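Engineer: If it helps, the file is called model_16.cif and holds mmCIF, C-alpha atoms:
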```cif
data_coords
loop_
_atom_site.label_atom_id
_atom_site.label_comp_id
_atom_site.auth_asym_id
_atom_site.auth_seq_id
_atom_site.Cartn_x
_atom_site.Cartn_y
_atom_site.Cartn_z
CA MET A 1 -6.71 22.77 45.84
CA ARG A 2 -5.62 20.02 48.23
CA THR A 3 -3.35 17.41 46.61
CA GLU A 4 -1.51 15.73 49.51
CA PRO A 5 -3.45 12.97 51.32
CA PHE A 6 -4.85 13.85 54.73
CA SER A 7 -2.97 12.48 57.70
CA GLU A 8 -4.89 10.80 60.50
CA ASP A 9 -4.38 13.71 62.90
CA GLU A 10 -5.98 16.08 60.37
CA LEU A 11 -9.24 14.11 60.38
CA SER A 12 -12.33 13.75 62.47
CA HIS A 13 -14.53 10.63 62.33
CA ASP A 14 -18.20 11.52 62.04
CA ARG A 15 -21.48 9.63 62.18
CA PHE A 16 -24.04 9.83 59.39
CA LEU A 17 -27.42 8.10 59.38
CA ASP A 18 -27.18 7.59 63.13
CA GLY A 19 -23.89 5.75 62.76
CA ARG A 20 -24.83 3.53 59.83
CA VAL A 21 -22.15 5.37 57.88
CA MET A 22 -18.90 6.57 59.47
CA VAL A 23 -16.99 9.19 57.52
CA SER A 24 -13.53 10.67 58.03
CA GLN A 25 -13.49 14.39 57.24
CA PRO A 26 -10.78 17.05 57.47
CA ARG A 27 -11.03 19.10 60.63
CA ALA A 28 -10.00 22.28 58.81
CA GLY A 29 -11.11 21.57 55.23
CA TYR A 30 -14.49 21.06 53.59
CA ARG A 31 -16.87 19.35 56.01
CA ALA A 32 -20.24 18.00 54.96
CA ALA A 33 -23.34 18.20 57.15
CA MET A 34 -26.86 17.19 56.14
CA ASP A 35 -26.86 18.21 52.45
CA PRO A 36 -25.22 15.03 51.10
CA VAL A 37 -27.55 12.93 53.27
CA LEU A 38 -30.55 14.71 51.74
CA LEU A 39 -29.11 14.29 48.25
CA ALA A 40 -28.67 10.56 48.80
CA ALA A 41 -32.18 10.24 50.21
CA ALA A 42 -33.67 12.00 47.16
CA CYS A 43 -31.99 9.76 44.58
CA PRO A 44 -34.49 7.19 43.24
CA ALA A 45 -31.86 4.50 42.66
CA ARG A 46 -32.85 0.85 42.78
CA GLU A 47 -30.83 -2.33 43.27
CA GLY A 48 -28.54 -3.10 40.34
CA GLU A 49 -28.41 0.44 38.96
CA ARG A 50 -25.28 2.46 38.16
CA VAL A 51 -24.89 5.76 40.01
CA LEU A 52 -22.40 8.58 39.43
CA GLU A 53 -21.77 11.40 41.89
CA LEU A 54 -20.20 14.55 40.44
CA GLY A 55 -17.92 16.31 42.93
CA CYS A 56 -18.08 13.49 45.44
CA GLY A 57 -15.74 15.03 48.05
CA ALA A 58 -15.08 12.51 50.82
CA GLY A 59 -17.94 10.33 49.56
CA GLN A 60 -20.68 11.13 52.06
CA ALA A 61 -23.63 11.16 49.62
CA SER A 62 -22.64 8.05 47.70
CA LEU A 63 -21.91 6.08 50.86
CA CYS A 64 -25.25 7.05 52.42
CA LEU A 65 -26.98 5.99 49.20
CA GLY A 66 -25.04 2.72 49.11
CA ARG A 67 -26.06 1.98 52.68
CA ARG A 68 -29.76 2.52 51.84
CA VAL A 69 -29.88 0.66 48.51
CA ALA A 70 -28.02 -2.63 48.17
CA GLY A 71 -26.37 -3.75 44.96
CA LEU A 72 -25.58 -0.38 43.43
CA ALA A 73 -22.56 0.21 41.21
CA LEU A 74 -21.31 3.47 42.74
CA ALA A 75 -18.85 5.81 41.03
CA GLY A 76 -17.66 9.31 41.85
CA LEU A 77 -15.71 12.11 40.22
CA GLU A 78 -13.63 14.42 42.41
CA LEU A 79 -11.32 17.26 41.38
CA GLN A 80 -9.14 17.40 44.51
CA PRO A 81 -6.85 14.35 44.84
CA ALA A 82 -6.79 14.48 48.65
CA TYR A 83 -10.57 14.27 48.85
CA ALA A 84 -10.71 11.52 46.21
CA ASP A 85 -8.24 9.52 48.32
CA LEU A 86 -10.36 10.15 51.41
CA ALA A 87 -13.50 8.96 49.59
CA ARG A 88 -11.78 5.67 48.76
CA ARG A 89 -10.64 5.29 52.36
CA ASN A 90 -14.16 5.97 53.64
CA ALA A 91 -15.63 3.43 51.24
CA ARG A 92 -13.25 0.74 52.49
CA ALA A 93 -13.98 1.62 56.11
CA ASN A 94 -17.71 1.21 55.48
CA GLY A 95 -17.39 -2.00 53.48
CA LEU A 96 -18.84 -0.45 50.31
CA GLU A 97 -17.60 -0.57 46.72
CA PHE A 98 -17.07 2.95 45.38
CA GLU A 99 -15.01 3.68 42.27
CA VAL A 100 -13.59 7.20 42.51
CA PHE A 101 -12.16 8.99 39.47
CA GLU A 102 -9.96 12.05 39.77
CA GLY A 103 -10.50 14.93 37.36
CA ASP A 104 -12.43 18.00 36.29
CA LEU A 105 -16.03 17.48 35.23
CA ALA A 106 -15.36 19.73 32.21
CA ARG A 107 -12.53 17.36 31.17
CA MET A 108 -13.55 14.00 32.55
CA PRO A 109 -11.14 11.06 32.46
CA LYS A 110 -11.49 9.02 29.28
CA ALA A 111 -12.54 5.91 31.19
CA LEU A 112 -15.45 7.80 32.74
CA ARG A 113 -16.51 9.44 29.47
CA ALA A 114 -16.97 5.96 28.01
CA ARG A 115 -19.58 5.01 30.60
CA ARG A 116 -23.28 5.74 31.11
CA PHE A 117 -25.32 5.67 34.32
CA ASP A 118 -28.90 5.20 35.44
CA GLN A 119 -28.58 7.94 38.08
CA VAL A 120 -26.39 11.03 38.47
CA ILE A 121 -26.32 13.03 41.70
CA ALA A 122 -24.55 16.31 42.48
CA ASN A 123 -24.14 18.91 45.19
CA PRO A 124 -22.47 21.73 43.20
CA PRO A 125 -20.78 24.66 44.99
CA TYR A 126 -23.36 27.11 46.32
CA TYR A 127 -21.38 30.36 46.05
CA PRO A 128 -20.80 32.09 42.70
CA PRO A 129 -17.42 33.75 42.09
CA GLY A 130 -16.98 37.04 43.92
CA GLN A 131 -19.74 36.53 46.49
CA GLY A 132 -19.24 36.06 50.23
CA THR A 133 -16.05 35.71 52.22
CA ALA A 134 -13.42 33.32 50.97
CA ALA A 135 -12.61 30.32 53.18
CA THR A 136 -9.13 30.30 54.68
CA ASP A 137 -8.64 26.63 53.76
CA ALA A 138 -7.95 26.19 50.03
CA GLY A 139 -9.70 22.82 49.82
CA ARG A 140 -12.81 24.15 51.52
CA GLU A 141 -12.84 27.23 49.28
CA ARG A 142 -12.61 25.11 46.14
CA ALA A 143 -15.46 22.88 47.29
CA GLN A 144 -17.78 25.75 48.20
CA ARG A 145 -17.17 28.35 45.48
CA GLU A 146 -18.16 27.88 41.89
CA ALA A 147 -15.29 27.67 39.41
CA THR A 148 -17.16 25.68 36.76
CA PRO A 149 -20.56 27.26 35.90
CA LEU A 150 -23.62 25.52 37.31
CA ALA A 151 -24.97 24.93 33.79
CA ASP A 152 -21.80 22.96 32.98
CA TRP A 153 -22.36 20.70 36.01
CA ILE A 154 -25.86 19.92 34.75
CA ALA A 155 -24.76 19.37 31.16
CA ALA A 156 -22.01 17.02 32.34
CA GLY A 157 -24.55 15.07 34.36
CA TYR A 158 -26.90 14.64 31.40
CA ARG A 159 -24.04 13.46 29.19
CA ARG A 160 -23.31 10.61 31.57
CA LEU A 161 -26.93 9.48 31.85
CA GLU A 162 -28.65 6.78 29.87
CA PRO A 163 -31.84 7.95 28.11
CA GLY A 164 -34.55 8.06 30.76
CA GLY A 165 -32.02 8.28 33.59
CA TRP A 166 -32.49 10.60 36.57
CA LEU A 167 -30.43 13.63 37.54
CA THR A 168 -30.79 14.74 41.18
CA VAL A 169 -29.22 17.98 42.46
CA ILE A 170 -29.28 19.85 45.77
CA GLN A 171 -28.58 23.56 45.67
CA ALA A 172 -29.09 26.84 47.54
CA VAL A 173 -32.52 28.30 46.90
CA ASP A 174 -31.14 31.53 45.41
CA ARG A 175 -29.66 29.48 42.55
CA LEU A 176 -33.00 27.90 41.65
CA ALA A 177 -33.62 29.96 38.51
CA ASP A 178 -30.21 29.02 37.08
CA LEU A 179 -30.67 25.40 38.10
CA LEU A 180 -34.10 25.05 36.48
CA ALA A 181 -32.94 26.65 33.24
CA ALA A 182 -30.01 24.25 33.00
CA MET A 183 -32.00 21.14 33.94
CA ALA A 184 -34.88 21.97 31.58
CA ALA A 185 -32.42 22.16 28.68
CA GLY A 186 -31.72 18.42 28.80
CA GLY A 187 -34.66 16.82 30.50
CA GLY A 188 -38.19 17.01 31.79
CA ALA A 189 -40.36 15.59 34.54
CA LEU A 190 -38.72 18.22 36.76
CA SER A 191 -39.74 18.14 40.39
CA VAL A 192 -38.69 20.86 42.83
CA LEU A 193 -38.65 20.00 46.53
CA PRO A 194 -38.04 23.01 48.82
CA VAL A 195 -36.25 22.14 52.07
CA ALA A 196 -37.37 24.34 54.98
CA PRO A 197 -35.71 24.29 58.41
CA ARG A 198 -38.93 24.71 60.42
CA PRO A 199 -42.67 25.27 59.97
CA GLY A 200 -43.32 28.76 58.62
CA ARG A 201 -39.68 29.36 57.67
CA ASP A 202 -38.47 30.04 54.15
CA ALA A 203 -36.69 27.23 52.37
CA GLY A 204 -32.91 27.56 52.25
CA ARG A 205 -32.24 24.58 49.97
CA VAL A 206 -33.96 22.97 47.00
CA ILE A 207 -33.64 19.46 45.65
CA VAL A 208 -34.45 19.23 41.96
CA ARG A 209 -34.88 16.02 40.03
CA ALA A 210 -35.18 15.64 36.24
CA ARG A 211 -35.39 12.77 33.78
CA LYS A 212 -33.21 12.81 30.68
CA GLY A 213 -35.24 13.26 27.52
CA ALA A 214 -38.62 13.54 29.29
CA ARG A 215 -41.14 16.28 28.45
CA THR A 216 -43.48 16.08 31.44
CA PRO A 217 -44.30 19.51 32.96
CA LEU A 218 -42.54 20.84 36.04
CA ARG A 219 -43.98 20.11 39.49
CA LEU A 220 -43.46 22.21 42.62
CA LEU A 221 -43.82 19.90 45.63
CA ALA A 222 -44.87 20.71 49.17
CA PRO A 223 -41.84 21.64 51.32
CA PHE A 224 -39.87 19.06 53.24
CA VAL A 225 -39.70 20.48 56.78
CA LEU A 226 -36.68 19.30 58.75
CA HIS A 227 -37.73 20.23 62.30
CA GLY A 228 -41.15 19.89 63.83
CA ALA A 229 -41.06 22.84 66.25
CA ALA A 230 -41.25 26.50 65.27
CA GLN A 231 -38.24 27.25 67.49
CA HIS A 232 -35.13 25.33 68.44
CA ASP A 233 -35.52 23.00 71.40
CA ARG A 234 -32.21 23.16 73.22
CA ASP A 235 -32.98 19.99 75.16
CA GLY A 236 -33.78 17.86 72.13
CA GLU A 237 -33.20 17.37 68.42
CA ASP A 238 -36.88 18.07 67.52
CA LEU A 239 -36.65 16.64 64.00
CA SER A 240 -39.94 16.19 62.18
CA PRO A 241 -41.02 12.56 61.70
CA LEU A 242 -39.89 12.63 58.06
CA GLY A 243 -36.72 14.51 59.01
CA ARG A 244 -35.82 11.79 61.49
CA ALA A 245 -36.68 9.01 59.02
CA VAL A 246 -34.36 10.55 56.40
CA LEU A 247 -31.47 11.90 58.49
CA ARG A 248 -31.32 9.23 61.19
CA ASP A 249 -32.99 6.09 59.83
CA GLY A 250 -31.67 6.35 56.25
CA ARG A 251 -35.09 6.30 54.56
CA GLU A 252 -35.77 7.49 51.01
CA LEU A 253 -37.06 11.05 50.67
CA PRO A 254 -40.33 10.68 48.74
CA PHE A 255 -41.04 12.72 45.63
CA ALA A 256 -44.81 12.54 45.19
CA GLY A 257 -45.87 10.70 42.05
CA GLN A 258 -42.39 9.42 41.10
#
```
Kindly transcribe the structure held in the file into structure tokens.

Structural biologist:
Amino acid sequence: MRTEPFSEDELSHDRFLDGRVMVSQPRAGYRAAMDPVLLAAACPAREGERVLELGCGAGQASLCLGRRVAGLALAGLELQPAYADLARRNARANGLEFEVFEGDLARMPKALRARRFDQVIANPPYYPPGQGTAATDAGRERAQREATPLADWIAAGYRRLEPGGWLTVIQAVDRLADLLAAMAAGGGALSVLPVAPRPGRDAGRVIVRARKGARTPLRLLAPFVLHGAAQHDRDGEDLSPLGRAVLRDGRELPFAGQ
């Protein structure tokens, strides 16, 4: 786990939402790509609402959400002090208010336990213990590999929500069964959005949204296809129209009927 703050020479400065958000990330540690952008785009937050991100890392998802929706009260919880510090630095650099707490979601700081939110978002680690090859960087390994069970992430999210609040999670598709079981235990109105890289390709990610206390049946939505062409176009980005609207223009990712 990384505790010492990152020095400037350890960082790269990366563009999100076509430069609307600039984020400093460790060159050798955990680096975010499109997943936090998709998570932010899927959150149905509206002006004036309170939003909590569990495991906020360097703040990419919350900052992308704050750029899209004005007037949010953004908060994050991050286990690794170096990444929490980086999230605060990124918020200041982007001119956004973002309150970052340090701590374990299983033992949240008292000040955070006393608060409730309209929205909770999370991008939990994708890899269960014992699977895959461990990352050489300790901070990256901690961010990618599950130490706290996925069900505990979901339960922690529900505890922080107001009744009727929304929990939005992005996860690898092979964890969908575990994710649905955990989310159904505390909410309803579940919607599952598969994220496919190209037409005809299997989804690699899912975004699942649930409403605390609801009992509406589950809905499986049509896939969100990132790229328009069946094969990679080496001379162009070839994003689908919706892919470009979400990843470049900072638009909301629609969940039909919600």

Engineer: Given only C-alpha atoms as the basis, pick out the residue of A:Phe6, A:Tyr30, A:Phe224, A:Tyr83 nearest to Ile207 of chain A.

Structural biologist: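 The closest residue to Ile207 of chain A is A:Phe224.
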
Engineer: On this file, the PyMOL selection byres ((chain A and resi 25) around 12) gives some set of residues; write that set as a PyMOL selection string.

Structural biologist: chain A and resi 5-16+22-24+26-33+57-60+82-87+89-90+139-140

Engineer: Hey, can you check how far atom CA of Arg159 of chain A sits from atom CA of Val120 of chain A?

Structural biologist: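 Straight-line distance from atom CA of Arg159 of chain A to atom CA of Val120 of chain A works out to 9.9 Å.
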
Engineer: Between A:Ala111, A:Ala203, A:Ile170, A:Val208, which is the closest to Ala184 of chain A once you count only C-alpha atoms?

Structural biologist: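 Nearest candidate to Ala184 of chain A out of A:Ala111, A:Ala203, A:Ile170, A:Val208: A:Val208.
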
Engineer: Excluding same-chain residues fewer than 2 positions from segment 190-192 of chain A, what lies within 12 Å of it counting only C-alpha atoms, as a CSV table (one decimal) with C-alpha atoms, in the frame of the given file?

Structural biologist:
```
chain,number,residue,atom,x,y,z
A,42,ALA,CA,-33.7,12.0,47.2
A,166,TRP,CA,-32.5,10.6,36.6
A,167,LEU,CA,-30.4,13.6,37.5
A,168,THR,CA,-30.8,14.7,41.2
A,169,VAL,CA,-29.2,18.0,42.5
A,170,ILE,CA,-29.3,19.8,45.8
A,171,GLN,CA,-28.6,23.6,45.7
A,173,VAL,CA,-32.5,28.3,46.9
A,176,LEU,CA,-33.0,27.9,41.6
A,177,ALA,CA,-33.6,30.0,38.5
A,179,LEU,CA,-30.7,25.4,38.1
A,180,LEU,CA,-34.1,25.0,36.5
A,181,ALA,CA,-32.9,26.6,33.2
A,182,ALA,CA,-30.0,24.2,33.0
A,183,MET,CA,-32.0,21.1,33.9
A,184,ALA,CA,-34.9,22.0,31.6
A,185,ALA,CA,-32.4,22.2,28.7
A,186,GLY,CA,-31.7,18.4,28.8
A,187,GLY,CA,-34.7,16.8,30.5
A,188,GLY,CA,-38.2,17.0,31.8
A,194,PRO,CA,-38.0,23.0,48.8
A,195,VAL,CA,-36.2,22.1,52.1
A,203,ALA,CA,-36.7,27.2,52.4
A,205,ARG,CA,-32.2,24.6,50.0
A,206,VAL,CA,-34.0,23.0,47.0
A,207,ILE,CA,-33.6,19.5,45.6
A,208,VAL,CA,-34.4,19.2,42.0
A,209,ARG,CA,-34.9,16.0,40.0
A,210,ALA,CA,-35.2,15.6,36.2
A,211,ARG,CA,-35.4,12.8,33.8
A,212,LYS,CA,-33.2,12.8,30.7
A,213,GLY,CA,-35.2,13.3,27.5
A,214,ALA,CA,-38.6,13.5,29.3
A,215,ARG,CA,-41.1,16.3,28.4
A,216,THR,CA,-43.5,16.1,31.4
A,217,PRO,CA,-44.3,19.5,33.0
A,218,LEU,CA,-42.5,20.8,36.0
A,219,ARG,CA,-44.0,20.1,39.5
A,220,LEU,CA,-43.5,22.2,42.6
A,221,LEU,CA,-43.8,19.9,45.6
A,222,ALA,CA,-44.9,20.7,49.2
A,223,PRO,CA,-41.8,21.6,51.3
A,224,PHE,CA,-39.9,19.1,53.2
A,254,PRO,CA,-40.3,10.7,48.7
A,255,PHE,CA,-41.0,12.7,45.6
A,256,ALA,CA,-44.8,12.5,45.2
A,257,GLY,CA,-45.9,10.7,42.0
A,258,GLN,CA,-42.4,9.4,41.1
```

Engineer: Report the distance between atom CA of Leu247 of chain A and atom CA of Val21 of chain A in Å, rounded to one decimal place.

Structural biologist: 11.4 Å

Engineer: If I take atom CA of Cys56 of chain A and atom CA of Leu77 of chain A, how far is one from the other in Å, to one decimal?

Structural biologist: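 Separation between atom CA of Cys56 of chain A and atom CA of Leu77 of chain A: 5.9 Å.
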
Engineer: Env of Ala61 of chain A: 10 Å cut, atoms = only C-alpha atoms, seq-sep filter 2 positions within chain, self excluded. Answer as an MDAnalysis selection string.

Structural biologist: chainID A and resid 16 32 34:41 43 53 56:59 63:67 76 121:123

Engineer: For the residues selected in the previous step, produce a file with C-alpha atoms as a PDB file, in the frame of the given file.

Structural biologist:
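Output contents, as saved in out06.pdb:
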```pdb
ATOM      1  CA  PHE A  16     -24.040   9.830  59.390  1.00  0.00           C
ATOM      2  CA  ALA A  32     -20.240  18.000  54.960  1.00  0.00           C
ATOM      3  CA  MET A  34     -26.860  17.190  56.140  1.00  0.00           C
ATOM      4  CA  ASP A  35     -26.860  18.210  52.450  1.00  0.00           C
ATOM      5  CA  PRO A  36     -25.220  15.030  51.100  1.00  0.00           C
ATOM      6  CA  VAL A  37     -27.550  12.930  53.270  1.00  0.00           C
ATOM      7  CA  LEU A  38     -30.550  14.710  51.740  1.00  0.00           C
ATOM      8  CA  LEU A  39     -29.110  14.290  48.250  1.00  0.00           C
ATOM      9  CA  ALA A  40     -28.670  10.560  48.800  1.00  0.00           C
ATOM     10  CA  ALA A  41     -32.180  10.240  50.210  1.00  0.00           C
ATOM     11  CA  CYS A  43     -31.990   9.760  44.580  1.00  0.00           C
ATOM     12  CA  GLU A  53     -21.770  11.400  41.890  1.00  0.00           C
ATOM     13  CA  CYS A  56     -18.080  13.490  45.440  1.00  0.00           C
ATOM     14  CA  GLY A  57     -15.740  15.030  48.050  1.00  0.00           C
ATOM     15  CA  ALA A  58     -15.080  12.510  50.820  1.00  0.00           C
ATOM     16  CA  GLY A  59     -17.940  10.330  49.560  1.00  0.00           C
ATOM     17  CA  LEU A  63     -21.910   6.080  50.860  1.00  0.00           C
ATOM     18  CA  CYS A  64     -25.250   7.050  52.420  1.00  0.00           C
ATOM     19  CA  LEU A  65     -26.980   5.990  49.200  1.00  0.00           C
ATOM     20  CA  GLY A  66     -25.040   2.720  49.110  1.00  0.00           C
ATOM     21  CA  ARG A  67     -26.060   1.980  52.680  1.00  0.00           C
ATOM     22  CA  GLY A  76     -17.660   9.310  41.850  1.00  0.00           C
ATOM     23  CA  ILE A 121     -26.320  13.030  41.700  1.00  0.00           C
ATOM     24  CA  ALA A 122     -24.550  16.310  42.480  1.00  0.00           C
ATOM     25  CA  ASN A 123     -24.140  18.910  45.190  1.00  0.00           C
TER      26      ASN A 123
END
```

Engineer: Pull the neighbourhood of (-29.0, -6.2, 43.8) for me: all residues within 7 Å in file coordinates, counting all atoms listed in the file, as a PyMOL selection string.

Structural biologist: chain A and resi 47-48+70-72
